[in-house]
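Contents: one structure, followed by commentary.
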Amino acid sequence: MEYISNQLINGICQGSIYALMAIGYSVVVGITGMVTFTHGEVMMLGAFAAYYTFLWAGNNLLLGIFAAFAASWLVGMAVYKVCYEHFFDAPRHISLICTVGFSMLIKNLAQIIFGANRMPMLNIIDNRVYQIGPVSINLLQIVILAVVIVLATVLSLFLNKTKGGIVLRAISQEKTAAYMVGINVRSTAMVGNCIGCGIGGVAGMLMAIYYQTCYATMGGTMSMKAFSSSVLGGMTDVRLSAVGGLCIGVIENLGITFSSANFRDAFAFCFLILVLIIRPQGFAVKKGARP
Amino acid sequence: MNRLKEYVKKNQKMILILILAFAVVFPLLGFEKSTIRIFCRILMYMTLAGSLNITNGYSGQTSLGHAGFFCVGAYTAAIITTRFEVSFWPIMILAGIFAAVVGLIISVPTIRLKGIYLSIITLGASEVIRILALNWQSLTGGSFGIKGIPRPVFFGFEFDSPLKFYYLFLGIALIFLFVSHRVINSRVGRSWMSIRENELAAKSLGVECSAAKMMNFAFGAFWAGIIGAVYAVYVQYIDSAVFTLDEGFNIMSMVIIGGQGTLVGPLVGSVVVNGLTEVLRPIGVWRFVMYAALIIVMMWFRPQGLMGASNSILAGGKVKMKATGKAKRKETTP
């Protein structure tokens, strides 16, 4: 029983990171209206930016978050310029394949620049374990949960309460109408894409801290988690994507409790396929425009 | 350029026979074994890229996990031929059917959904298939792979050298091209293309979209399975490290660079990409960077690929209605 409850805590913690990935992904997809397969690589670069920041500037979590966010923001701009800007009117598969090509480009360049080896992430948070009743939770997990909750709240406030957020939501709903009321759709879409990528970068950093390693090909599995969570949540809905991420994390950890850890990635995915068979639109209620 | 096109159109059969004769005679000119192996590789990827082109190019569903079906076919053939004393040929067909069934299972939940779900699901399924192959110790040998896969025998004629396999690959490529040509020019193939151009319009004209898409996906997976089985007996040793997502992207880059939506496209793509791989061996890992850059450049300037279908949605929505315009004018003038 204690083992299962501990796995549940692990699942919630990991699920919250997946939730952050999925939030970033659904912001990108929702606002640009196009699909990205570069998200994993963006997250990987965020993790590497944080790695080098920790290496040079010491154990400062806030600085790491800022570095990851900024680096991913810049990559997001490049992704937008290369893969989206010219293809707003073209068939969708063109920008899709363009993002696949871009992700291959970043991954191979990263393997050349950072080397193909796994790098140990510095231990920036004390390894302290708290015992609360039957469950034990360590400091790292608390910090990760806190970061995720704070970021999600800030994003939610930004999207719902500020003018910039309302503009972003407007172009995610209807681009032509947004043009008519005087919104600069292209530059706003770029900002939205960059915000999504930045959040993804922070999620990548948290993932690297959680597993204490970062390497150039880590984007593949992470992007699969982000896809699964966000498809589960209905692709464009930010809140439901977060719920989807939590679900995937918990299911995964409960799954490996009853079998081998080698099947970690398979569990999340089979769960996704089951959900799609029963309920094709994921958790989302709203039908209509979907990428 | 136009005159060249007309000339090709006029003497199509002659040119096809010439190319075929060239393909048959060429390896007999006394190349080294390693060079013949490169030719085998090119032919293998021709069929593989062609089968991906069936889904990506003809029905416009973007599948990204073709390596998964390749893996299913290879493992099916390897497992059965190493455990039982059976002839290879029925197993080859069985591997194809098995891959097609896996393809159906993957596509069924997504086929009703519009958009990119199929891409995401195929991407994930390819990875899950690889994980299963890596971790199902008792069946697939885990990370050690399967060794000692027996060579196929055709009426006492054993395929034991790269040259003989060259002709096997050539034969399969020819059968594949013939069958696809017949299917593409049938009612089914036309319904696939109509779905690619406009699904709503196709539906309103009485095309059963879900059934046609499922059939399309299974057809592509079937050929990937068959070529996987031949690959297994060709290299005689398979392990899961071959069938990564990068392999899938490699196949995809051939389809994109060569051209989508035509039968010639993937053939050209396979020759170009594999040829570049050999030529650029000295620059090592940088060539993967170059492929990626090439894909992006292709999407920017010629989204249908070098030899792709220019008169389709694959070319970026600029469809030229030349043929129909002429036909109308002829009707009105007399």
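Residue numbers start at 1 in each chain; chains themselves are named A, B, ... in the order of the structure tokens; ligands are numbered from 1 in the order shown.
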Residues of chain B near chain A: apply a cut-off of 9 Å, count only C-alpha atoms, and supply the list as an MDAnalysis selection string. chainID B and resid 60:62 106 108:110 112:117 120:121 123:125 127:129 131:132 134:135 245:246 249 253 256 285:286 288:300 303 313:317
All alpha helix (DSSP H) positions in range 9-207 of chain B, as a CSV table (one decimal) with N, CA and C atoms, in the first residue's frame:
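out-v5.csv was written with the following content:
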chain,number,residue,atom,x,y,z
B,9,LYS,N,6.4,11.2,-72.9
B,9,LYS,CA,5.1,10.7,-72.9
B,9,LYS,C,4.8,9.8,-74.1
B,10,LYS,N,5.4,10.2,-75.3
B,10,LYS,CA,5.2,9.5,-76.5
B,10,LYS,C,5.8,8.1,-76.5
B,12,GLN,N,6.8,6.2,-73.9
B,12,GLN,CA,6.8,5.8,-72.5
B,12,GLN,C,7.3,4.3,-72.4
B,13,LYS,N,6.7,3.5,-73.2
B,13,LYS,CA,7.0,2.0,-73.1
B,13,LYS,C,8.4,1.8,-73.4
B,14,MET,N,8.9,2.4,-74.5
B,14,MET,CA,10.3,2.2,-74.8
B,14,MET,C,11.2,2.5,-73.7
B,15,ILE,N,11.0,3.7,-73.1
B,15,ILE,CA,11.9,4.2,-72.0
B,15,ILE,C,11.8,3.3,-70.8
B,16,LEU,N,10.6,2.8,-70.5
B,16,LEU,CA,10.4,1.9,-69.4
B,16,LEU,C,11.2,0.6,-69.6
B,17,ILE,N,11.1,0.1,-70.8
B,17,ILE,CA,11.9,-1.2,-71.1
B,17,ILE,C,13.4,-0.9,-71.1
B,18,LEU,N,13.8,0.2,-71.6
B,18,LEU,CA,15.2,0.6,-71.5
B,18,LEU,C,15.7,0.6,-70.1
B,19,ILE,N,14.9,1.3,-69.2
B,19,ILE,CA,15.4,1.4,-67.8
B,19,ILE,C,15.4,0.1,-67.2
B,20,LEU,N,14.4,-0.8,-67.5
B,20,LEU,CA,14.4,-2.1,-66.9
B,20,LEU,C,15.6,-2.9,-67.3
B,21,ALA,N,15.9,-2.9,-68.6
B,21,ALA,CA,17.0,-3.6,-69.1
B,21,ALA,C,18.3,-3.1,-68.5
B,22,PHE,N,18.4,-1.8,-68.3
B,22,PHE,CA,19.5,-1.2,-67.6
B,22,PHE,C,19.7,-1.8,-66.2
B,23,ALA,N,18.5,-1.8,-65.5
B,23,ALA,CA,18.5,-2.3,-64.1
B,23,ALA,C,18.9,-3.7,-64.0
B,24,VAL,N,18.5,-4.5,-65.0
B,24,VAL,CA,18.9,-6.0,-65.0
B,24,VAL,C,20.3,-6.2,-65.3
B,25,VAL,N,20.9,-5.5,-66.3
B,25,VAL,CA,22.2,-5.7,-66.8
B,25,VAL,C,23.3,-5.0,-65.9
B,33,LYS,N,31.3,-6.4,-54.1
B,33,LYS,CA,30.1,-6.8,-53.3
B,33,LYS,C,29.5,-5.6,-52.6
B,34,SER,N,30.4,-4.8,-52.1
B,34,SER,CA,29.9,-3.7,-51.3
B,34,SER,C,29.1,-2.7,-52.1
B,35,THR,N,29.5,-2.6,-53.4
B,35,THR,CA,28.7,-1.7,-54.3
B,35,THR,C,27.3,-2.3,-54.6
B,36,ILE,N,27.3,-3.6,-54.8
B,36,ILE,CA,26.1,-4.3,-55.0
B,36,ILE,C,25.1,-4.1,-53.8
B,37,ARG,N,25.7,-4.1,-52.6
B,37,ARG,CA,24.9,-3.9,-51.4
B,37,ARG,C,24.2,-2.6,-51.4
B,38,ILE,N,25.0,-1.5,-51.9
B,38,ILE,CA,24.4,-0.2,-52.0
B,38,ILE,C,23.2,-0.2,-53.0
B,39,PHE,N,23.3,-0.9,-54.1
B,39,PHE,CA,22.2,-1.1,-55.1
B,39,PHE,C,21.0,-1.7,-54.4
B,40,CYS,N,21.3,-2.8,-53.6
B,40,CYS,CA,20.2,-3.5,-52.9
B,40,CYS,C,19.5,-2.5,-52.0
B,41,ARG,N,20.3,-1.7,-51.3
B,41,ARG,CA,19.7,-0.7,-50.4
B,41,ARG,C,18.8,0.2,-51.1
B,42,ILE,N,19.3,0.7,-52.3
B,42,ILE,CA,18.5,1.7,-53.0
B,42,ILE,C,17.2,1.0,-53.4
B,43,LEU,N,17.2,-0.2,-53.9
B,43,LEU,CA,16.0,-0.9,-54.4
B,43,LEU,C,15.1,-1.1,-53.2
B,44,MET,N,15.6,-1.5,-52.0
B,44,MET,CA,14.8,-1.8,-50.9
B,44,MET,C,14.1,-0.5,-50.5
B,45,TYR,N,14.8,0.6,-50.4
B,45,TYR,CA,14.2,1.9,-50.0
B,45,TYR,C,13.2,2.4,-51.1
B,46,MET,N,13.4,2.0,-52.3
B,46,MET,CA,12.4,2.3,-53.4
B,46,MET,C,11.0,1.8,-53.0
B,47,THR,N,11.0,0.5,-52.7
B,47,THR,CA,9.7,-0.1,-52.3
B,47,THR,C,9.2,0.5,-51.0
B,48,LEU,N,10.1,0.7,-50.1
B,48,LEU,CA,9.7,1.2,-48.7
B,48,LEU,C,9.1,2.6,-48.9
B,49,ALA,N,9.8,3.5,-49.6
B,49,ALA,CA,9.4,4.8,-49.8
B,49,ALA,C,8.1,4.9,-50.6
B,50,GLY,N,8.1,3.9,-51.6
B,50,GLY,CA,6.8,3.9,-52.4
B,50,GLY,C,5.6,3.5,-51.6
B,51,SER,N,5.8,2.6,-50.6
B,51,SER,CA,4.6,2.2,-49.8
B,51,SER,C,4.2,3.4,-48.9
B,52,LEU,N,5.2,4.2,-48.4
B,52,LEU,CA,4.9,5.4,-47.6
B,52,LEU,C,4.2,6.4,-48.5
B,53,ASN,N,4.6,6.5,-49.7
B,53,ASN,CA,4.0,7.4,-50.7
B,53,ASN,C,2.5,7.1,-50.9
B,66,HIS,N,6.4,5.0,-40.3
B,66,HIS,CA,6.5,3.9,-41.3
B,66,HIS,C,7.5,2.8,-40.8
B,67,ALA,N,8.5,3.2,-40.0
B,67,ALA,CA,9.5,2.2,-39.5
B,67,ALA,C,8.8,1.2,-38.7
B,68,GLY,N,7.7,1.5,-38.1
B,68,GLY,CA,7.0,0.5,-37.2
B,68,GLY,C,6.5,-0.6,-38.0
B,69,PHE,N,5.9,-0.4,-39.2
B,69,PHE,CA,5.4,-1.5,-40.0
B,69,PHE,C,6.5,-2.3,-40.6
B,70,PHE,N,7.6,-1.6,-41.0
B,70,PHE,CA,8.8,-2.3,-41.4
B,70,PHE,C,9.3,-3.2,-40.3
B,71,CYS,N,9.3,-2.7,-39.1
B,71,CYS,CA,9.7,-3.5,-37.9
B,71,CYS,C,8.8,-4.8,-37.8
B,72,VAL,N,7.5,-4.6,-37.9
B,72,VAL,CA,6.6,-5.7,-37.7
B,72,VAL,C,6.8,-6.8,-38.7
B,73,GLY,N,7.0,-6.3,-40.0
B,73,GLY,CA,7.3,-7.3,-41.0
B,73,GLY,C,8.6,-8.1,-40.8
B,74,ALA,N,9.6,-7.3,-40.4
B,74,ALA,CA,10.9,-8.0,-40.2
B,74,ALA,C,10.9,-9.0,-39.1
B,75,TYR,N,10.3,-8.6,-38.0
B,75,TYR,CA,10.2,-9.5,-36.8
B,75,TYR,C,9.3,-10.7,-37.1
B,76,THR,N,8.2,-10.5,-37.8
B,76,THR,CA,7.3,-11.6,-38.1
B,76,THR,C,8.1,-12.7,-38.9
B,77,ALA,N,8.8,-12.2,-39.9
B,77,ALA,CA,9.5,-13.2,-40.7
B,77,ALA,C,10.6,-13.8,-39.9
B,78,ALA,N,11.4,-13.0,-39.2
B,78,ALA,CA,12.5,-13.6,-38.4
B,78,ALA,C,12.1,-14.6,-37.4
B,79,ILE,N,11.0,-14.3,-36.7
B,79,ILE,CA,10.6,-15.2,-35.6
B,79,ILE,C,10.1,-16.5,-36.2
B,80,ILE,N,9.3,-16.4,-37.3
B,80,ILE,CA,8.7,-17.7,-37.8
B,80,ILE,C,9.8,-18.5,-38.5
B,81,THR,N,10.6,-17.9,-39.3
B,81,THR,CA,11.6,-18.7,-40.0
B,81,THR,C,12.7,-19.3,-39.1
B,82,THR,N,13.0,-18.6,-38.0
B,82,THR,CA,14.0,-19.2,-37.1
B,82,THR,C,13.4,-20.3,-36.3
B,83,ARG,N,12.1,-20.4,-36.0
B,83,ARG,CA,11.5,-21.4,-35.1
B,83,ARG,C,10.9,-22.6,-35.9
B,88,PHE,N,10.1,-19.6,-47.1
B,88,PHE,CA,10.1,-18.1,-46.8
B,88,PHE,C,8.9,-17.4,-47.5
B,89,TRP,N,8.5,-17.9,-48.7
B,89,TRP,CA,7.6,-17.1,-49.5
B,89,TRP,C,6.2,-16.9,-48.9
B,90,PRO,N,5.5,-18.0,-48.4
B,90,PRO,CA,4.3,-17.7,-47.7
B,90,PRO,C,4.5,-16.8,-46.4
B,91,ILE,N,5.6,-16.9,-45.8
B,91,ILE,CA,5.9,-16.1,-44.6
B,91,ILE,C,6.0,-14.7,-45.0
B,92,MET,N,6.6,-14.4,-46.2
B,92,MET,CA,6.7,-13.0,-46.6
B,92,MET,C,5.3,-12.4,-46.7
B,93,ILE,N,4.4,-13.2,-47.4
B,93,ILE,CA,3.0,-12.7,-47.5
B,93,ILE,C,2.4,-12.5,-46.1
B,94,LEU,N,2.6,-13.5,-45.2
B,94,LEU,CA,2.0,-13.4,-43.9
B,94,LEU,C,2.5,-12.2,-43.2
B,95,ALA,N,3.8,-11.9,-43.3
B,95,ALA,CA,4.4,-10.7,-42.7
B,95,ALA,C,3.7,-9.4,-43.2
B,96,GLY,N,3.4,-9.4,-44.5
B,96,GLY,CA,2.7,-8.2,-45.0
B,96,GLY,C,1.3,-8.1,-44.5
B,97,ILE,N,0.6,-9.3,-44.4
B,97,ILE,CA,-0.7,-9.2,-43.8
B,97,ILE,C,-0.7,-8.8,-42.4
B,98,PHE,N,0.3,-9.3,-41.6
B,98,PHE,CA,0.3,-9.0,-40.2
B,98,PHE,C,0.6,-7.4,-40.1
B,99,ALA,N,1.5,-6.9,-40.9
B,99,ALA,CA,1.7,-5.5,-40.8
B,99,ALA,C,0.5,-4.7,-41.1
B,100,ALA,N,-0.3,-5.2,-42.1
B,100,ALA,CA,-1.5,-4.5,-42.5
B,100,ALA,C,-2.5,-4.5,-41.4
B,101,VAL,N,-2.6,-5.6,-40.7
B,101,VAL,CA,-3.5,-5.7,-39.5
B,101,VAL,C,-3.1,-4.7,-38.5
B,102,VAL,N,-1.8,-4.7,-38.2
B,102,VAL,CA,-1.3,-3.7,-37.2
B,102,VAL,C,-1.7,-2.3,-37.6
B,103,GLY,N,-1.5,-2.0,-38.9
B,103,GLY,CA,-1.8,-0.7,-39.5
B,103,GLY,C,-3.3,-0.4,-39.3
B,104,LEU,N,-4.1,-1.4,-39.5
B,104,LEU,CA,-5.6,-1.2,-39.3
B,104,LEU,C,-5.9,-0.8,-37.9
B,105,ILE,N,-5.3,-1.6,-36.9
B,105,ILE,CA,-5.5,-1.4,-35.5
B,105,ILE,C,-5.2,0.1,-35.2
B,106,ILE,N,-4.0,0.5,-35.7
B,106,ILE,CA,-3.6,1.9,-35.4
B,106,ILE,C,-4.5,2.9,-36.0
B,107,SER,N,-4.9,2.6,-37.2
B,107,SER,CA,-5.7,3.7,-37.9
B,107,SER,C,-7.1,3.8,-37.5
B,108,VAL,N,-7.7,2.7,-37.0
B,108,VAL,CA,-9.1,2.8,-36.8
B,108,VAL,C,-9.6,3.9,-35.8
B,109,PRO,N,-8.9,4.1,-34.7
B,109,PRO,CA,-9.3,5.2,-33.8
B,109,PRO,C,-9.2,6.6,-34.4
B,110,THR,N,-8.2,6.7,-35.3
B,110,THR,CA,-8.0,8.1,-35.8
B,110,THR,C,-8.7,8.4,-37.1
B,111,ILE,N,-9.2,7.4,-37.8
B,111,ILE,CA,-9.6,7.6,-39.2
B,111,ILE,C,-10.9,8.5,-39.2
B,117,TYR,N,-4.3,13.8,-36.1
B,117,TYR,CA,-4.2,12.7,-35.1
B,117,TYR,C,-3.5,11.5,-35.7
B,118,LEU,N,-3.7,11.3,-37.0
B,118,LEU,CA,-3.0,10.1,-37.5
B,118,LEU,C,-1.5,10.3,-37.4
B,119,SER,N,-1.0,11.5,-37.7
B,119,SER,CA,0.5,11.7,-37.6
B,119,SER,C,1.0,11.3,-36.2
B,120,ILE,N,0.3,11.9,-35.2
B,120,ILE,CA,0.7,11.7,-33.8
B,120,ILE,C,0.6,10.2,-33.4
B,121,ILE,N,-0.5,9.6,-33.8
B,121,ILE,CA,-0.7,8.2,-33.4
B,121,ILE,C,0.3,7.3,-34.1
B,122,THR,N,0.6,7.5,-35.4
B,122,THR,CA,1.6,6.7,-36.1
B,122,THR,C,3.0,6.9,-35.5
B,123,LEU,N,3.3,8.1,-35.2
B,123,LEU,CA,4.6,8.4,-34.6
B,123,LEU,C,4.8,7.6,-33.3
B,124,GLY,N,3.7,7.7,-32.4
B,124,GLY,CA,3.8,7.0,-31.1
B,124,GLY,C,3.8,5.5,-31.3
B,125,ALA,N,2.9,5.0,-32.2
B,125,ALA,CA,2.8,3.5,-32.4
B,125,ALA,C,4.2,3.0,-32.9
B,126,SER,N,4.8,3.7,-33.8
B,126,SER,CA,6.1,3.2,-34.2
B,126,SER,C,7.1,3.0,-33.0
B,127,GLU,N,7.1,4.0,-32.1
B,127,GLU,CA,7.9,3.9,-31.0
B,127,GLU,C,7.5,2.8,-30.0
B,128,VAL,N,6.2,2.6,-29.9
B,128,VAL,CA,5.7,1.5,-29.0
B,128,VAL,C,6.1,0.2,-29.6
B,129,ILE,N,6.0,0.0,-30.9
B,129,ILE,CA,6.4,-1.3,-31.5
B,129,ILE,C,7.9,-1.5,-31.3
B,130,ARG,N,8.7,-0.5,-31.4
B,130,ARG,CA,10.1,-0.7,-31.1
B,130,ARG,C,10.4,-1.1,-29.7
B,131,ILE,N,9.6,-0.4,-28.7
B,131,ILE,CA,9.8,-0.7,-27.3
B,131,ILE,C,9.4,-2.2,-27.0
B,132,LEU,N,8.3,-2.6,-27.7
B,132,LEU,CA,7.9,-4.0,-27.5
B,132,LEU,C,9.0,-5.0,-28.0
B,133,ALA,N,9.5,-4.6,-29.2
B,133,ALA,CA,10.5,-5.5,-29.8
B,133,ALA,C,11.8,-5.5,-28.9
B,134,LEU,N,12.0,-4.4,-28.2
B,134,LEU,CA,13.3,-4.4,-27.4
B,134,LEU,C,13.1,-5.1,-26.1
B,135,ASN,N,11.8,-5.1,-25.6
B,135,ASN,CA,11.6,-5.7,-24.2
B,135,ASN,C,10.9,-7.0,-24.1
B,137,GLN,N,11.5,-10.1,-24.2
B,137,GLN,CA,12.6,-11.0,-24.3
B,137,GLN,C,12.3,-12.4,-25.0
B,138,SER,N,11.2,-13.0,-24.5
B,138,SER,CA,11.0,-14.4,-24.9
B,138,SER,C,10.6,-14.5,-26.4
B,139,LEU,N,10.0,-13.5,-26.9
B,139,LEU,CA,9.6,-13.6,-28.3
B,139,LEU,C,10.7,-13.0,-29.3
B,140,THR,N,11.2,-11.8,-28.9
B,140,THR,CA,12.0,-11.2,-29.9
B,140,THR,C,13.5,-11.2,-29.6
B,162,PRO,N,24.8,-11.0,-52.4
B,162,PRO,CA,24.1,-9.7,-52.6
B,162,PRO,C,23.6,-9.6,-54.0
B,163,LEU,N,24.3,-10.2,-55.0
B,163,LEU,CA,23.8,-10.1,-56.4
B,163,LEU,C,22.4,-10.7,-56.6
B,164,LYS,N,22.3,-11.9,-55.9
B,164,LYS,CA,21.0,-12.6,-56.1
B,164,LYS,C,19.9,-11.8,-55.3
B,165,PHE,N,20.3,-11.3,-54.2
B,165,PHE,CA,19.3,-10.4,-53.5
B,165,PHE,C,18.9,-9.2,-54.3
B,166,TYR,N,19.9,-8.7,-55.0
B,166,TYR,CA,19.6,-7.5,-55.9
B,166,TYR,C,18.4,-7.9,-56.8
B,167,TYR,N,18.4,-9.1,-57.4
B,167,TYR,CA,17.3,-9.4,-58.3
B,167,TYR,C,16.0,-9.7,-57.5
B,168,LEU,N,16.2,-10.2,-56.3
B,168,LEU,CA,14.9,-10.4,-55.5
B,168,LEU,C,14.3,-9.0,-55.2
B,169,PHE,N,15.2,-8.0,-54.7
B,169,PHE,CA,14.6,-6.7,-54.4
B,169,PHE,C,14.1,-6.1,-55.7
B,170,LEU,N,14.7,-6.3,-56.8
B,170,LEU,CA,14.3,-5.7,-58.1
B,170,LEU,C,12.9,-6.3,-58.4
B,171,GLY,N,12.8,-7.6,-58.2
B,171,GLY,CA,11.5,-8.3,-58.5
B,171,GLY,C,10.4,-7.7,-57.7
B,172,ILE,N,10.7,-7.6,-56.4
B,172,ILE,CA,9.6,-7.1,-55.5
B,172,ILE,C,9.3,-5.6,-55.8
B,173,ALA,N,10.3,-4.8,-56.1
B,173,ALA,CA,10.0,-3.4,-56.5
B,173,ALA,C,9.1,-3.4,-57.8
B,174,LEU,N,9.4,-4.3,-58.7
B,174,LEU,CA,8.6,-4.3,-59.9
B,174,LEU,C,7.1,-4.7,-59.7
B,175,ILE,N,7.0,-5.8,-58.8
B,175,ILE,CA,5.6,-6.2,-58.5
B,175,ILE,C,4.9,-5.1,-57.8
B,176,PHE,N,5.6,-4.5,-56.9
B,176,PHE,CA,5.0,-3.4,-56.1
B,176,PHE,C,4.5,-2.3,-57.1
B,177,LEU,N,5.4,-1.9,-58.0
B,177,LEU,CA,5.1,-0.8,-58.9
B,177,LEU,C,3.9,-1.2,-59.8
B,178,PHE,N,3.9,-2.5,-60.3
B,178,PHE,CA,2.8,-2.9,-61.1
B,178,PHE,C,1.5,-2.9,-60.4
B,179,VAL,N,1.5,-3.5,-59.1
B,179,VAL,CA,0.2,-3.6,-58.4
B,179,VAL,C,-0.2,-2.2,-58.0
B,180,SER,N,0.7,-1.3,-57.6
B,180,SER,CA,0.2,0.1,-57.2
B,180,SER,C,-0.3,0.8,-58.4
B,181,HIS,N,0.4,0.6,-59.6
B,181,HIS,CA,-0.1,1.3,-60.8
B,181,HIS,C,-1.5,0.9,-61.1
B,182,ARG,N,-1.8,-0.4,-61.0
B,182,ARG,CA,-3.1,-0.9,-61.3
B,182,ARG,C,-4.1,-0.3,-60.2
B,183,VAL,N,-3.7,-0.3,-59.0
B,183,VAL,CA,-4.6,0.1,-57.9
B,183,VAL,C,-4.9,1.6,-58.1
B,184,ILE,N,-3.8,2.4,-58.3
B,184,ILE,CA,-4.0,3.8,-58.4
B,184,ILE,C,-4.9,4.2,-59.5
B,187,ARG,N,-10.9,2.5,-59.5
B,187,ARG,CA,-11.8,3.2,-58.7
B,187,ARG,C,-11.3,3.6,-57.3
B,188,VAL,N,-10.7,2.6,-56.7
B,188,VAL,CA,-10.2,2.8,-55.3
B,188,VAL,C,-9.1,3.9,-55.3
B,189,GLY,N,-8.1,3.8,-56.3
B,189,GLY,CA,-7.1,4.8,-56.3
B,189,GLY,C,-7.6,6.2,-56.6
B,190,ARG,N,-8.6,6.3,-57.4
B,190,ARG,CA,-9.1,7.6,-57.7
B,190,ARG,C,-9.9,8.1,-56.5
B,191,SER,N,-10.5,7.2,-55.7
B,191,SER,CA,-11.2,7.7,-54.5
B,191,SER,C,-10.1,8.2,-53.5
B,192,TRP,N,-9.0,7.5,-53.4
B,192,TRP,CA,-7.9,8.0,-52.5
B,192,TRP,C,-7.5,9.4,-52.9
B,193,MET,N,-7.3,9.6,-54.2
B,193,MET,CA,-6.8,11.0,-54.6
B,193,MET,C,-7.9,12.0,-54.4
B,194,SER,N,-9.2,11.6,-54.6
B,194,SER,CA,-10.2,12.6,-54.3
B,194,SER,C,-10.3,13.0,-52.9
B,195,ILE,N,-10.0,12.0,-52.0
B,195,ILE,CA,-10.0,12.4,-50.5
B,195,ILE,C,-8.8,13.3,-50.3
B,196,ARG,N,-7.7,13.1,-50.9
B,196,ARG,CA,-6.6,14.0,-50.7
B,196,ARG,C,-6.9,15.4,-51.1
B,197,GLU,N,-7.6,15.6,-52.3
B,197,GLU,CA,-7.9,16.9,-52.8
B,197,GLU,C,-8.9,17.6,-51.9
B,199,GLU,N,-11.8,16.3,-49.0
B,199,GLU,CA,-12.5,15.2,-48.4
B,199,GLU,C,-14.0,15.4,-48.4
B,200,LEU,N,-14.5,16.6,-48.2
B,200,LEU,CA,-15.9,16.9,-48.1
B,200,LEU,C,-16.5,16.6,-49.5
B,201,ALA,N,-15.8,17.1,-50.6
B,201,ALA,CA,-16.4,17.0,-51.9
B,201,ALA,C,-16.4,15.5,-52.3
B,202,ALA,N,-15.4,14.7,-51.8
B,202,ALA,CA,-15.3,13.3,-52.1
B,202,ALA,C,-16.5,12.6,-51.5
B,203,LYS,N,-16.8,13.0,-50.2
B,203,LYS,CA,-17.9,12.4,-49.5
B,203,LYS,C,-19.2,12.7,-50.2
B,204,SER,N,-19.4,13.9,-50.7
B,204,SER,CA,-20.6,14.2,-51.3
B,204,SER,C,-20.8,13.5,-52.6
Mind giving me the straight-line distance from CA of Asp237 in chain A to CA of Ser156 in chain A in Å, one decimal?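 Between CA of Asp237 in chain A and CA of Ser156 in chain A the gap works out to 11.7 Å.
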Quick one: residues within 10 Å of Leu140 in chain A, only C-alpha atoms, excluding same-chain residues fewer than 3 positions away - as a VMD selection string? chain A and resid 13 123 to 129 137 143 to 146 206 209 to 210
Would you work out the distance separating CA of Ser161 in chain B from CA of Trp223 in chain B, expressed in Å to one decimal?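 Pair CA of Ser161 in chain B / CA of Trp223 in chain B returns 23.4 Å.
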Please, which residues of range 39-238 of chain B, numbered as in this document, come out strand (DSSP E) from DSSP, as an MDAnalysis selection string? chainID B and resid 153:154 157:158
Could the residues in this selection be written to a file with C-alpha atoms, as a compact mmCIF listing (two decimals), in the first residue's frame?
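File produced: out_33.txt:
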# COMPACT_ATOMS: atom_id res chain seq x y z
CA VAL B 153 15.26 -20.86 -51.27
CA PHE B 154 13.33 -20.66 -54.51
CA PHE B 157 17.91 -21.87 -55.92
CA GLU B 158 19.36 -20.34 -52.77
